[in-house]
Every structure is written in C-alpha cells, then in structure tokens.
>>> print(open('entry_28.pdb').read())   # PDB, C-alpha atoms, pLDDT in the B column
ATOM      1  CA  MET R   9     357.177 135.329  37.464  1.00 64.00           C
ATOM      2  CA  LYS R  10     355.471 136.083  34.169  1.00 84.00           C
ATOM      3  CA  GLY R  11     355.404 132.828  32.232  1.00 86.00           C
ATOM      4  CA  LEU R  12     358.576 131.398  30.751  1.00 90.00           C
ATOM      5  CA  PRO R  13     360.370 134.095  28.742  1.00 86.00           C
ATOM      6  CA  GLY R  14     362.744 131.642  27.047  1.00 89.00           C
ATOM      7  CA  LEU R  15     360.252 128.937  26.167  1.00 95.00           C
ATOM      8  CA  ARG R  16     359.322 130.071  22.662  1.00 94.00           C
ATOM      9  CA  GLN R  17     362.960 130.749  21.716  1.00 91.00           C
ATOM     10  CA  TYR R  18     364.238 127.344  22.858  1.00 94.00           C
ATOM     11  CA  ARG R  19     361.177 125.438  21.606  1.00 95.00           C
ATOM     12  CA  GLN R  20     361.651 126.915  18.142  1.00 95.00           C
ATOM     13  CA  LYS R  21     365.389 126.128  18.181  1.00 94.00           C
ATOM     14  CA  LYS R  22     364.403 122.465  18.649  1.00 95.00           C
ATOM     15  CA  ASN R  23     361.861 122.764  15.801  1.00 97.00           C
ATOM     16  CA  LEU R  24     359.019 121.800  18.125  1.00 97.00           C
ATOM     17  CA  SER R  25     355.456 122.982  17.775  1.00 97.00           C
ATOM     18  CA  GLN R  26     353.472 123.955  20.843  1.00 97.00           C
ATOM     19  CA  GLN R  27     351.394 120.830  20.238  1.00 98.00           C
ATOM     20  CA  ALA R  28     354.410 118.511  20.129  1.00 98.00           C
ATOM     21  CA  LEU R  29     355.910 119.973  23.303  1.00 98.00           C
ATOM     22  CA  ALA R  30     352.561 119.830  25.079  1.00 98.00           C
ATOM     23  CA  LYS R  31     352.110 116.171  24.163  1.00 98.00           C
ATOM     24  CA  ALA R  32     355.608 115.295  25.377  1.00 97.00           C
ATOM     25  CA  LEU R  33     354.965 117.039  28.705  1.00 97.00           C
ATOM     26  CA  GLY R  34     351.417 115.782  29.192  1.00 97.00           C
ATOM     27  CA  VAL R  35     349.765 119.201  29.124  1.00 97.00           C
ATOM     28  CA  SER R  36     347.459 120.942  26.674  1.00 97.00           C
ATOM     29  CA  PRO R  37     348.810 123.101  23.837  1.00 97.00           C
ATOM     30  CA  ILE R  38     346.975 126.090  25.330  1.00 97.00           C
ATOM     31  CA  THR R  39     349.040 125.631  28.493  1.00 97.00           C
ATOM     32  CA  ILE R  40     352.263 125.963  26.489  1.00 97.00           C
ATOM     33  CA  CYS R  41     350.827 129.020  24.748  1.00 96.00           C
ATOM     34  CA  ARG R  42     349.934 130.593  28.089  1.00 96.00           C
ATOM     35  CA  TYR R  43     353.453 129.948  29.451  1.00 96.00           C
ATOM     36  CA  GLU R  44     354.998 131.567  26.366  1.00 95.00           C
ATOM     37  CA  CYS R  45     352.840 134.687  26.416  1.00 94.00           C
ATOM     38  CA  GLY R  46     353.072 135.188  30.179  1.00 93.00           C
ATOM     39  CA  ALA R  47     349.401 134.489  30.906  1.00 95.00           C
ATOM     40  CA  ALA R  48     350.251 131.591  33.249  1.00 94.00           C
ATOM     41  CA  ASP R  49     353.126 130.632  35.507  1.00 94.00           C
ATOM     42  CA  PRO R  50     354.153 126.978  35.606  1.00 95.00           C
ATOM     43  CA  ARG R  51     354.887 125.136  38.819  1.00 94.00           C
ATOM     44  CA  LEU R  52     358.584 124.784  39.582  1.00 93.00           C
ATOM     45  CA  SER R  53     358.398 121.045  38.836  1.00 95.00           C
ATOM     46  CA  MET R  54     357.069 121.860  35.346  1.00 96.00           C
ATOM     47  CA  VAL R  55     359.906 124.358  34.762  1.00 95.00           C
ATOM     48  CA  GLY R  56     362.353 121.529  35.463  1.00 96.00           C
ATOM     49  CA  LYS R  57     360.470 119.120  33.214  1.00 97.00           C
ATOM     50  CA  ILE R  58     360.444 121.594  30.317  1.00 97.00           C
ATOM     51  CA  ALA R  59     364.118 122.466  30.753  1.00 96.00           C
ATOM     52  CA  ASP R  60     365.083 118.777  30.834  1.00 97.00           C
ATOM     53  CA  TYR R  61     363.064 118.027  27.711  1.00 97.00           C
ATOM     54  CA  LEU R  62     364.623 120.954  25.832  1.00 96.00           C
ATOM     55  CA  GLY R  63     368.127 120.100  27.075  1.00 96.00           C
ATOM     56  CA  ILE R  64     368.697 123.451  28.761  1.00 95.00           C
ATOM     57  CA  SER R  65     368.994 124.706  32.318  1.00 94.00           C
ATOM     58  CA  GLU R  66     366.074 126.099  34.268  1.00 94.00           C
ATOM     59  CA  ARG R  67     367.980 129.396  34.404  1.00 92.00           C
ATOM     60  CA  GLU R  68     368.138 129.586  30.589  1.00 90.00           C
ATOM     61  CA  LEU R  69     364.401 129.001  30.422  1.00 91.00           C
ATOM     62  CA  LEU R  70     363.616 131.656  33.025  1.00 89.00           C
ATOM     63  CA  PHE R  71     366.278 134.201  32.039  1.00 89.00           C
ATOM     64  CA  PRO R  72     367.094 133.730  28.340  1.00 84.00           C
ATOM     65  CA  GLU R  73     369.956 135.545  26.699  1.00 79.00           C
ATOM     66  CA  PRO R  74     368.817 138.049  24.079  1.00 76.00           C
ATOM     67  CA  GLU R  75     369.140 136.553  20.634  1.00 66.00           C
ATOM     68  CA  ALA R  76     372.011 137.981  18.635  1.00 49.00           C
ATOM     69  CA  HIS R  77     370.970 139.476  15.323  1.00 48.00           C
ATOM     70  CA  SER R  78     373.553 139.637  12.583  1.00 45.00           C
ATOM     71  CA  ALA R  79     374.106 142.879  10.730  1.00 50.00           C
ATOM     72  CA  ASP R  80     374.366 141.124   7.366  1.00 46.00           C
TER
END
>>> encode(input="entry_28.pdb", output="structure tokens")
Amino acid sequence: MKGLPGLRQYRQKKNLSQQALAKALGVSPITICRYECGAADPRLSMVGKIADYLGISERELLFPEPEAHSAD
C-alpha cells in the first residue's frame, strides 16, 4: 500500500484541515500529511478509524473514485 490515496479528497470534502483531522484521530499533522502523500502506510486499525470519522468506507479511502470534472 502507498498511503491513503483517497484521504486528501475526502478530508477536503469535509472541509477539514490536516491539523483538525490529526487532532480528532490523536495523531500528528505530519502523520496525516505522510498518509496523503504516500510516504507512510497506516495500520489497518487507523484506516478504519479514519474512514469512520470521515463517514466513508475503508474501500473508498483505499480505492477512491476519480473525481469527475465538469466540462463547463
């Protein structure tokens, strides 16, 4: 696994900063940054914790759908 590919996308949809998410999960902001950029892999228990907090499935977090871009 290379980090959490969907983390940034879903975190931003919830209007959360890395700092706010880190505080809610009891980790450092640099940890969230490292998960987002693929520099660190979270434990499976942390994947579940993040998914629960964001209100999404673990699958969505690990395998996000590409964001649709409008042609407007």
>>> resolve_selection(input="entry_28.pdb", expression="the PyMOL selection byres ((chain R and resi 65-71) around 7)", output="PDB file with C-alpha atoms, in the frame of the given file")
ATOM      1  CA  LEU R  12     358.576 131.398  30.751  1.00 90.00           C
ATOM      2  CA  PRO R  13     360.370 134.095  28.742  1.00 86.00           C
ATOM      3  CA  GLY R  14     362.744 131.642  27.047  1.00 89.00           C
ATOM      4  CA  LEU R  15     360.252 128.937  26.167  1.00 95.00           C
ATOM      5  CA  VAL R  55     359.906 124.358  34.762  1.00 95.00           C
ATOM      6  CA  GLY R  56     362.353 121.529  35.463  1.00 96.00           C
ATOM      7  CA  ALA R  59     364.118 122.466  30.753  1.00 96.00           C
ATOM      8  CA  ILE R  64     368.697 123.451  28.761  1.00 95.00           C
ATOM      9  CA  PRO R  72     367.094 133.730  28.340  1.00 84.00           C
ATOM     10  CA  GLU R  73     369.956 135.545  26.699  1.00 79.00           C
TER      11      GLU R  73
END
>>> residues_around(input="entry_28.pdb", residues="range 25-31 of chain R", least_positions_apart="3", cutoff="7 Å", atoms="only C-alpha atoms", output="PyMOL selection string")
chain R and resi 34-37+40-41
>>> atom_distance(input="entry_28.pdb", atom1="CA of Ile38 in chain R", atom2="CA of Gln17 in chain R")
17.0 Å
>>> closest_residue(input="entry_28.pdb", among="R:Pro50, R:Lys21, R:Cys45, R:Lys10", to="Gly63 in chain R", atoms="all atoms listed in the file")
R:Lys21
>>> atom_distance(input="entry_28.pdb", atom1="CA of Tyr43 in chain R", atom2="CA of Leu62 in chain R")
14.8 Å
>>> atom_distance(input="entry_28.pdb", atom1="CA of Leu24 in chain R", atom2="CA of Ile58 in chain R")
12.3 Å
>>> closest_residue(input="entry_28.pdb", among="R:Asp49, R:Tyr61, R:Met54, R:Pro74", to="Arg19 in chain R", atoms="only C-alpha atoms")
R:Tyr61
